[in-house]
Amino acid sequence: MSQSLAAADRAAGQVAELVITGDLARPARMTVSDLLAWPQHQAEVAFECATSGIQHHRFTGPLLHDVLTDTGPAFDLARRKDRLRFLIAVRGADGHHAVLSWAEIDPDFGGAPVLLAATLDDTPLDPVGPQLVLPQDRCGARHISGIDAIRVDGGYSAMSRAW
Ligand SMILES: Nc1nc2c(c(=O)[nH]1)N[C@H]1C(S)=C(S)[C@@H](COP(=O)(O)O)O[C@H]1N2
Ligand SMILES: [Mo]
């Protein structure tokens with residue numbers, strides 16, 4: 001999105017904000033136009049919705065992995081096993097949410113090319129907030145729109161619970 005359009009939206013109070021919190025060295029607050037600071041990727045996706053059938057969309061934006069890595073997750077990068085207990089909870093402003101594992105998007109593990117999309121079918125998402133895009137998902141349910149919060153949680157340990 002152009003700077004002038006972003007500024008106009010901000011003046012009109014139509015720029016959604018996303019907070020990224022959790023076990024991070026640098027928790028962040030950002031808008032959709034801030035997402036243009038990372039390398040942009042494109043994804044043409046088709047997903048099925050249980051109620052509205054098959055949808056086709058084109059999204060652009062940074063990799064979720066790139067954005068979250070810059071917030072400094074509290075794991076030891078030299079020890080790959082240390083990342084395996086990290087969860088990523090993604091929430092839309094309407095309360096719809098889903099949990100991913102860090103390993104799912106980590107290039108050393110699942111490497112899923114999950115996007116934090118800044119545009120949907122060439123329309124900037126500044127007013128509503130970014131959308132999660134999972135090109136490998138057959139179902140649309142995790143394509144969370146209007147994301148207002150992402151929480152990275154390294155506290156999960158299966159060993160601390162009863163099996
Ligand atoms: N914030 C939010 N995102 C959401 C949902 C929702 O209820 N809230 N529904 C999901 C479901 S079930 C589907 S199928 C897709 C729908 O995408 P569409 O609006 O392009 O059909 O959005 C997903 N993202
Ligand atoms: Mo759906």
# chains A, B, ... in the order shown; residues from 1 in each chain; ligands from 1

call {"tool": "residues_near_ligand", "arguments": {"ligand": "ligand 2", "cutoff": "12 Å", "atoms": "only C-alpha atoms and all ligand atoms", "output": "JSON list (two decimals) with all heavy atoms, in the first residue's frame"}}
result
[["chain", "number", "residue", "atom", "x", "y", "z"],
["A", 47, "PHE", "N", -9.38, -22.87, -0.93],
["A", 47, "PHE", "CA", -9.75, -23.64, 0.27],
["A", 47, "PHE", "C", -11.25, -23.83, 0.31],
["A", 47, "PHE", "O", -12.00, -23.08, -0.31],
["A", 47, "PHE", "CB", -9.23, -22.98, 1.55],
["A", 47, "PHE", "CG", -9.65, -21.55, 1.77],
["A", 47, "PHE", "CD1", -10.96, -21.23, 2.13],
["A", 47, "PHE", "CD2", -8.73, -20.52, 1.65],
["A", 47, "PHE", "CE1", -11.35, -19.92, 2.36],
["A", 47, "PHE", "CE2", -9.11, -19.19, 1.88],
["A", 47, "PHE", "CZ", -10.42, -18.90, 2.24],
["A", 48, "GLU", "N", -11.63, -24.87, 1.02],
["A", 48, "GLU", "CA", -13.05, -25.18, 1.09],
["A", 48, "GLU", "C", -13.61, -24.77, 2.44],
["A", 48, "GLU", "O", -12.99, -24.98, 3.47],
["A", 48, "GLU", "CB", -13.26, -26.69, 0.90],
["A", 48, "GLU", "CG", -14.72, -27.05, 0.75],
["A", 48, "GLU", "CD", -14.96, -28.55, 0.72],
["A", 48, "GLU", "OE1", -14.04, -29.29, 0.32],
["A", 48, "GLU", "OE2", -16.06, -28.96, 1.11],
["A", 49, "CYS", "N", -14.78, -24.16, 2.39],
["A", 49, "CYS", "CA", -15.49, -23.81, 3.62],
["A", 49, "CYS", "C", -16.70, -24.72, 3.75],
["A", 49, "CYS", "O", -17.41, -24.95, 2.77],
["A", 49, "CYS", "CB", -15.94, -22.36, 3.57],
["A", 49, "CYS", "SG", -16.95, -21.93, 5.01],
["A", 50, "ALA", "N", -16.92, -25.18, 4.96],
["A", 50, "ALA", "CA", -18.04, -26.09, 5.20],
["A", 50, "ALA", "C", -19.37, -25.44, 4.84],
["A", 50, "ALA", "O", -20.32, -26.11, 4.43],
["A", 50, "ALA", "CB", -18.04, -26.53, 6.66],
["A", 51, "THR", "N", -19.45, -24.11, 4.97],
["A", 51, "THR", "CA", -20.74, -23.44, 4.71],
["A", 51, "THR", "C", -20.80, -22.72, 3.37],
["A", 51, "THR", "O", -21.86, -22.66, 2.75],
["A", 51, "THR", "CB", -21.05, -22.41, 5.83],
["A", 51, "THR", "OG1", -19.93, -21.55, 5.99],
["A", 51, "THR", "CG2", -21.34, -23.11, 7.15],
["A", 52, "SER", "N", -19.66, -22.21, 2.86],
["A", 52, "SER", "CA", -19.75, -21.43, 1.62],
["A", 52, "SER", "C", -19.00, -22.02, 0.43],
["A", 52, "SER", "O", -18.84, -21.37, -0.60],
["A", 52, "SER", "CB", -19.31, -19.98, 1.87],
["A", 52, "SER", "OG", -18.03, -19.94, 2.43],
["A", 53, "GLY", "N", -18.51, -23.27, 0.56],
["A", 53, "GLY", "CA", -17.90, -23.94, -0.59],
["A", 53, "GLY", "C", -16.46, -23.52, -0.84],
["A", 53, "GLY", "O", -15.78, -23.02, 0.05],
["A", 54, "ILE", "N", -16.02, -23.72, -2.10],
["A", 54, "ILE", "CA", -14.61, -23.48, -2.43],
["A", 54, "ILE", "C", -14.37, -22.00, -2.74],
["A", 54, "ILE", "O", -15.12, -21.38, -3.50],
["A", 54, "ILE", "CB", -14.17, -24.37, -3.61],
["A", 54, "ILE", "CG1", -14.24, -25.84, -3.17],
["A", 54, "ILE", "CG2", -12.76, -24.01, -4.06],
["A", 54, "ILE", "CD1", -13.84, -26.83, -4.24],
["A", 55, "GLN", "N", -13.34, -21.44, -2.11],
["A", 55, "GLN", "CA", -12.96, -20.04, -2.30],
["A", 55, "GLN", "C", -11.58, -19.99, -2.96],
["A", 55, "GLN", "O", -10.71, -20.78, -2.60],
["A", 55, "GLN", "CB", -12.84, -19.31, -0.95],
["A", 55, "GLN", "CG", -13.96, -19.57, 0.03],
["A", 55, "GLN", "CD", -15.21, -18.81, -0.32],
["A", 55, "GLN", "OE1", -15.11, -17.68, -0.81],
["A", 55, "GLN", "NE2", -16.36, -19.42, -0.10],
["A", 96, "HIS", "N", -12.24, -15.57, 16.80],
["A", 96, "HIS", "CA", -11.86, -16.82, 16.12],
["A", 96, "HIS", "C", -10.35, -17.01, 16.30],
["A", 96, "HIS", "O", -9.59, -16.07, 16.09],
["A", 96, "HIS", "CB", -12.21, -16.72, 14.64],
["A", 96, "HIS", "CG", -11.84, -17.94, 13.84],
["A", 96, "HIS", "ND1", -12.22, -19.21, 14.19],
["A", 96, "HIS", "CD2", -11.10, -18.08, 12.70],
["A", 96, "HIS", "CE1", -11.75, -20.08, 13.30],
["A", 96, "HIS", "NE2", -11.07, -19.42, 12.40],
["A", 137, "ASP", "N", -3.41, -25.84, 3.61],
["A", 137, "ASP", "CA", -4.67, -26.26, 4.24],
["A", 137, "ASP", "C", -5.76, -26.48, 3.19],
["A", 137, "ASP", "O", -6.02, -25.60, 2.38],
["A", 137, "ASP", "CB", -5.16, -25.20, 5.24],
["A", 137, "ASP", "CG", -4.46, -25.29, 6.59],
["A", 137, "ASP", "OD1", -3.35, -25.85, 6.66],
["A", 137, "ASP", "OD2", -5.04, -24.80, 7.58],
["A", 138, "ARG", "N", -6.43, -27.61, 3.23],
["A", 138, "ARG", "CA", -7.56, -27.86, 2.33],
["A", 138, "ARG", "C", -8.79, -27.07, 2.79],
["A", 138, "ARG", "O", -9.58, -26.58, 1.99],
["A", 138, "ARG", "CB", -7.88, -29.36, 2.31],
["A", 138, "ARG", "CG", -8.86, -29.78, 1.23],
["A", 138, "ARG", "CD", -9.38, -31.18, 1.45],
["A", 138, "ARG", "NE", -10.19, -31.29, 2.66],
["A", 138, "ARG", "CZ", -11.44, -30.85, 2.77],
["A", 138, "ARG", "NH1", -12.03, -30.28, 1.74],
["A", 138, "ARG", "NH2", -12.11, -30.98, 3.90],
["A", 139, "CYS", "N", -8.89, -26.93, 4.11],
["A", 139, "CYS", "CA", -10.04, -26.26, 4.73],
["A", 139, "CYS", "C", -9.69, -24.79, 5.01],
["A", 139, "CYS", "O", -8.53, -24.46, 5.29],
["A", 139, "CYS", "CB", -10.37, -26.99, 6.02],
["A", 139, "CYS", "SG", -11.60, -26.19, 7.05],
["A", 140, "GLY", "N", -10.67, -23.92, 4.94],
["A", 140, "GLY", "CA", -10.41, -22.49, 5.12],
["A", 140, "GLY", "C", -10.34, -22.01, 6.55],
["A", 140, "GLY", "O", -9.97, -20.87, 6.80],
["A", 141, "ALA", "N", -10.67, -22.87, 7.50],
["A", 141, "ALA", "CA", -10.94, -22.39, 8.86],
["A", 141, "ALA", "C", -9.76, -21.70, 9.55],
["A", 141, "ALA", "O", -9.95, -20.84, 10.41],
["A", 141, "ALA", "CB", -11.45, -23.54, 9.73],
["A", 142, "ARG", "N", -8.52, -22.08, 9.18],
["A", 142, "ARG", "CA", -7.37, -21.42, 9.84],
["A", 142, "ARG", "C", -6.93, -20.14, 9.14],
["A", 142, "ARG", "O", -6.00, -19.47, 9.59],
["A", 142, "ARG", "CB", -6.18, -22.39, 9.94],
["A", 142, "ARG", "CG", -6.42, -23.58, 10.85],
["A", 142, "ARG", "CD", -5.14, -24.20, 11.35],
["A", 142, "ARG", "NE", -4.33, -24.80, 10.29],
["A", 142, "ARG", "CZ", -3.12, -25.35, 10.49],
["A", 142, "ARG", "NH1", -2.58, -25.36, 11.70],
["A", 142, "ARG", "NH2", -2.47, -25.88, 9.49],
["A", 143, "HIS", "N", -7.60, -19.77, 8.04],
["A", 143, "HIS", "CA", -7.25, -18.52, 7.34],
["A", 143, "HIS", "C", -7.87, -17.35, 8.10],
["A", 143, "HIS", "O", -8.75, -16.65, 7.60],
["A", 143, "HIS", "CB", -7.72, -18.56, 5.89],
["A", 143, "HIS", "CG", -6.94, -19.51, 5.03],
["A", 143, "HIS", "ND1", -7.08, -20.87, 5.11],
["A", 143, "HIS", "CD2", -5.99, -19.27, 4.10],
["A", 143, "HIS", "CE1", -6.25, -21.43, 4.24],
["A", 143, "HIS", "NE2", -5.57, -20.49, 3.61],
["A", 144, "ILE", "N", -7.36, -17.13, 9.30],
["A", 144, "ILE", "CA", -7.97, -16.15, 10.21],
["A", 144, "ILE", "C", -7.80, -14.73, 9.68],
["A", 144, "ILE", "O", -6.68, -14.29, 9.40],
["A", 144, "ILE", "CB", -7.33, -16.27, 11.62],
["A", 144, "ILE", "CG1", -7.56, -17.68, 12.16],
["A", 144, "ILE", "CG2", -7.87, -15.20, 12.56],
["A", 144, "ILE", "CD1", -6.80, -17.97, 13.44],
["A", 145, "SER", "N", -8.92, -14.04, 9.54],
["A", 145, "SER", "CA", -8.88, -12.65, 9.06],
["A", 145, "SER", "C", -8.95, -11.68, 10.23],
["A", 145, "SER", "O", -9.32, -12.06, 11.35],
["A", 145, "SER", "CB", -10.03, -12.41, 8.08],
["A", 145, "SER", "OG", -11.25, -12.72, 8.70]]

call {"tool": "residues_around", "arguments": {"residues": "Thr123 of chain A", "least_positions_apart": "5", "cutoff": "10 Å", "atoms": "only C-alpha atoms", "output": "list of chain:residue names"}}
result
A:Met1, A:Arg58, A:Phe59, A:Thr60, A:Ala118

call {"tool": "closest_residue", "arguments": {"among": "A:Gln40, A:Thr31, A:Gln131, A:Thr69", "to": "ligand 1", "atoms": "only C-alpha atoms and all ligand atoms"}}
result
A:Gln131

call {"tool": "select_by_dssp", "arguments": {"residues": "segment 2-160 of chain A", "states": "helix (DSSP H, G or I)", "output": "number ranges by chain"}}
result
A: 3-11, 33-37, 64-69, 80-85, 102-105, 158-160

call {"tool": "residues_around", "arguments": {"residues": "Leu100 of chain A", "least_positions_apart": "4", "cutoff": "12 Å", "atoms": "only C-alpha atoms", "output": "ChimeraX atom specification"}}
result
/A:64-65,84-91,104-106,110,112,114,132,134,142,150-153

call {"tool": "write_last_selection", "arguments": {"atoms": "N, CA, C and O atoms", "output": "JSON list (two decimals), in the first residue's frame"}}
result
[["chain", "number", "residue", "atom", "x", "y", "z"],
["A", 64, "LEU", "N", 5.06, -15.58, 8.17],
["A", 64, "LEU", "CA", 4.84, -15.48, 9.62],
["A", 64, "LEU", "C", 6.15, -15.77, 10.35],
["A", 64, "LEU", "O", 6.49, -15.09, 11.34],
["A", 65, "HIS", "N", 6.92, -16.72, 9.85],
["A", 65, "HIS", "CA", 8.19, -17.08, 10.49],
["A", 65, "HIS", "C", 9.16, -15.90, 10.52],
["A", 65, "HIS", "O", 9.82, -15.66, 11.53],
["A", 84, "LEU", "N", 10.89, -26.86, 20.05],
["A", 84, "LEU", "CA", 9.77, -27.78, 19.84],
["A", 84, "LEU", "C", 8.62, -27.59, 20.83],
["A", 84, "LEU", "O", 7.52, -28.09, 20.62],
["A", 85, "ARG", "N", 8.88, -26.85, 21.92],
["A", 85, "ARG", "CA", 7.81, -26.66, 22.91],
["A", 85, "ARG", "C", 7.06, -25.35, 22.67],
["A", 85, "ARG", "O", 6.17, -25.00, 23.45],
["A", 86, "PHE", "N", 7.40, -24.60, 21.62],
["A", 86, "PHE", "CA", 6.77, -23.30, 21.39],
["A", 86, "PHE", "C", 5.49, -23.40, 20.59],
["A", 86, "PHE", "O", 5.43, -24.08, 19.56],
["A", 87, "LEU", "N", 4.46, -22.71, 21.07],
["A", 87, "LEU", "CA", 3.18, -22.61, 20.39],
["A", 87, "LEU", "C", 2.95, -21.19, 19.90],
["A", 87, "LEU", "O", 3.48, -20.24, 20.48],
["A", 88, "ILE", "N", 2.16, -21.05, 18.84],
["A", 88, "ILE", "CA", 1.80, -19.74, 18.29],
["A", 88, "ILE", "C", 0.28, -19.67, 18.26],
["A", 88, "ILE", "O", -0.36, -20.40, 17.50],
["A", 89, "ALA", "N", -0.31, -18.82, 19.10],
["A", 89, "ALA", "CA", -1.77, -18.66, 19.11],
["A", 89, "ALA", "C", -2.11, -17.41, 18.32],
["A", 89, "ALA", "O", -1.58, -16.32, 18.59],
["A", 90, "VAL", "N", -2.99, -17.57, 17.31],
["A", 90, "VAL", "CA", -3.36, -16.46, 16.42],
["A", 90, "VAL", "C", -4.84, -16.17, 16.62],
["A", 90, "VAL", "O", -5.68, -17.08, 16.55],
["A", 91, "ARG", "N", -5.17, -14.90, 16.88],
["A", 91, "ARG", "CA", -6.55, -14.52, 17.20],
["A", 91, "ARG", "C", -7.07, -13.43, 16.28],
["A", 91, "ARG", "O", -6.38, -12.44, 16.02],
["A", 104, "GLU", "N", 5.96, -26.15, 13.03],
["A", 104, "GLU", "CA", 5.17, -26.21, 11.78],
["A", 104, "GLU", "C", 5.68, -25.21, 10.75],
["A", 104, "GLU", "O", 5.69, -25.50, 9.56],
["A", 105, "ILE", "N", 6.11, -24.03, 11.19],
["A", 105, "ILE", "CA", 6.55, -22.99, 10.25],
["A", 105, "ILE", "C", 8.07, -22.83, 10.19],
["A", 105, "ILE", "O", 8.57, -22.01, 9.43],
["A", 106, "ASP", "N", 8.79, -23.60, 10.98],
["A", 106, "ASP", "CA", 10.25, -23.48, 11.04],
["A", 106, "ASP", "C", 10.88, -24.24, 9.87],
["A", 106, "ASP", "O", 10.58, -25.42, 9.67],
["A", 110, "GLY", "N", 8.73, -28.39, 9.85],
["A", 110, "GLY", "CA", 7.66, -28.49, 8.86],
["A", 110, "GLY", "C", 7.80, -27.53, 7.69],
["A", 110, "GLY", "O", 7.38, -27.83, 6.57],
["A", 112, "ALA", "N", 6.22, -24.93, 6.74],
["A", 112, "ALA", "CA", 5.00, -24.50, 6.02],
["A", 112, "ALA", "C", 5.11, -23.01, 5.67],
["A", 112, "ALA", "O", 5.44, -22.20, 6.55],
["A", 114, "VAL", "N", 3.60, -20.28, 5.69],
["A", 114, "VAL", "CA", 2.46, -19.55, 6.23],
["A", 114, "VAL", "C", 2.70, -18.04, 6.12],
["A", 114, "VAL", "O", 3.77, -17.56, 6.53],
["A", 132, "LEU", "N", -4.14, -14.67, 8.20],
["A", 132, "LEU", "CA", -3.27, -15.84, 8.19],
["A", 132, "LEU", "C", -3.57, -16.66, 6.94],
["A", 132, "LEU", "O", -4.74, -16.89, 6.61],
["A", 134, "LEU", "N", -2.54, -20.23, 4.95],
["A", 134, "LEU", "CA", -1.86, -21.53, 5.05],
["A", 134, "LEU", "C", -2.09, -22.27, 3.74],
["A", 134, "LEU", "O", -3.09, -23.00, 3.61],
["A", 142, "ARG", "N", -8.52, -22.08, 9.18],
["A", 142, "ARG", "CA", -7.37, -21.42, 9.84],
["A", 142, "ARG", "C", -6.93, -20.14, 9.14],
["A", 142, "ARG", "O", -6.00, -19.47, 9.59],
["A", 150, "ILE", "N", -1.23, -12.05, 18.31],
["A", 150, "ILE", "CA", -0.50, -13.30, 18.16],
["A", 150, "ILE", "C", 0.30, -13.48, 19.44],
["A", 150, "ILE", "O", 0.99, -12.55, 19.89],
["A", 151, "ARG", "N", 0.18, -14.66, 20.04],
["A", 151, "ARG", "CA", 0.93, -14.94, 21.26],
["A", 151, "ARG", "C", 1.86, -16.12, 21.04],
["A", 151, "ARG", "O", 1.41, -17.18, 20.59],
["A", 152, "VAL", "N", 3.12, -15.92, 21.33],
["A", 152, "VAL", "CA", 4.12, -16.99, 21.19],
["A", 152, "VAL", "C", 4.41, -17.50, 22.60],
["A", 152, "VAL", "O", 4.80, -16.74, 23.48],
["A", 153, "ASP", "N", 4.16, -18.79, 22.82],
["A", 153, "ASP", "CA", 4.22, -19.34, 24.17],
["A", 153, "ASP", "C", 5.17, -20.53, 24.22],
["A", 153, "ASP", "O", 4.92, -21.56, 23.60]]

call {"tool": "residues_around", "arguments": {"residues": "Pro27 of chain A", "least_positions_apart": "6", "cutoff": "10 Å", "atoms": "only C-alpha atoms", "output": "compact mmCIF listing (two decimals) with C-alpha atoms, in the first residue's frame"}}
result
# COMPACT_ATOMS: atom_id res chain seq x y z
CA VAL A 19 -0.02 -7.03 19.00
CA ILE A 20 2.58 -9.78 19.22
CA THR A 21 3.20 -10.88 22.79
CA LEU A 68 7.99 -13.71 14.56
CA ASP A 70 12.35 -10.65 14.55
CA THR A 71 10.42 -10.46 17.83
CA GLY A 72 13.09 -12.67 19.45
CA PRO A 73 11.38 -15.85 20.66
CA ARG A 151 0.93 -14.94 21.26
CA VAL A 152 4.12 -16.99 21.19

call {"tool": "closest_residue", "arguments": {"among": "A:Arg79, A:Ile147, A:Pro107, A:Trp102", "to": "Met30 of chain A", "atoms": "only C-alpha atoms"}}
result
A:Ile147

call {"tool": "atom_distance", "arguments": {"atom1": "atom CA of Gln42 of chain A", "atom2": "atom CA of Gln136 of chain A"}}
result
13.7 Å

call {"tool": "residues_around", "arguments": {"residues": "Pro127 of chain A", "least_positions_apart": "4", "cutoff": "6 Å", "atoms": "only C-alpha atoms", "output": "ChimeraX atom specification"}}
result
/A:14-16

call {"tool": "atom_distance", "arguments": {"atom1": "atom CA of Leu36 of chain A", "atom2": "atom CA of Asp76 of chain A"}}
result
27.4 Å

call {"tool": "select_by_dssp", "arguments": {"residues": "segment 64-150 of chain A", "states": "strand (DSSP E)", "output": "list in words"}}
result
Leu87, Ile88, Ala89, Val90, Arg91, Gly92, His97, Ala98, Val99, Leu100, Ser101, Leu115, Leu116, Ala117, Thr119, Leu120, Thr123, Pro124, Gln131, Leu132, Val133, Ile147, Asp148, Ala149 and Ile150 of chain A

call {"tool": "closest_residue", "arguments": {"among": "A:Ala46, A:Ala74, A:Val99, A:Leu116", "to": "ligand 1", "atoms": "only C-alpha atoms and all ligand atoms"}}
result
A:Ala46

call {"tool": "residues_around", "arguments": {"residues": "His57 of chain A", "least_positions_apart": "2", "cutoff": "6 Å", "atoms": "only C-alpha atoms", "output": "NGL selection string"}}
result
:A and (44-45 or 121)

call {"tool": "write_last_selection", "arguments": {"atoms": "all heavy atoms", "output": "CSV table (one decimal), in the first residue's frame"}}
result
chain,number,residue,atom,x,y,z
A,44,GLU,N,-1.4,-18.1,-4.1
A,44,GLU,CA,-2.7,-18.3,-4.8
A,44,GLU,C,-3.3,-19.5,-4.0
A,44,GLU,O,-2.7,-20.6,-4.1
A,44,GLU,CB,-2.6,-18.7,-6.2
A,44,GLU,CG,-1.7,-17.7,-7.0
A,44,GLU,CD,-2.6,-16.8,-7.9
A,44,GLU,OE1,-3.8,-16.9,-7.9
A,44,GLU,OE2,-2.0,-15.8,-8.5
A,45,VAL,N,-4.4,-19.3,-3.3
A,45,VAL,CA,-4.9,-20.4,-2.5
A,45,VAL,C,-6.3,-20.7,-2.9
A,45,VAL,O,-7.1,-19.9,-3.3
A,45,VAL,CB,-4.8,-20.2,-1.0
A,45,VAL,CG1,-3.4,-19.9,-0.6
A,45,VAL,CG2,-5.7,-19.0,-0.6
A,121,ASP,N,-6.5,-10.4,-2.6
A,121,ASP,CA,-7.0,-10.1,-4.0
A,121,ASP,C,-6.7,-8.6,-4.4
A,121,ASP,O,-7.6,-7.9,-4.9
A,121,ASP,CB,-8.5,-10.4,-4.1
A,121,ASP,CG,-8.8,-11.9,-3.8
A,121,ASP,OD1,-7.9,-12.7,-4.1
A,121,ASP,OD2,-9.9,-12.2,-3.3

call {"tool": "closest_residue", "arguments": {"among": "A:Leu63, A:Leu77, A:Ala93, A:Leu120", "to": "ligand 1", "atoms": "only C-alpha atoms and all ligand atoms"}}
result
A:Ala93

call {"tool": "atom_distance", "arguments": {"atom1": "atom CA of Leu125 of chain A", "atom2": "atom CA of Asp34 of chain A"}}
result
11.6 Å
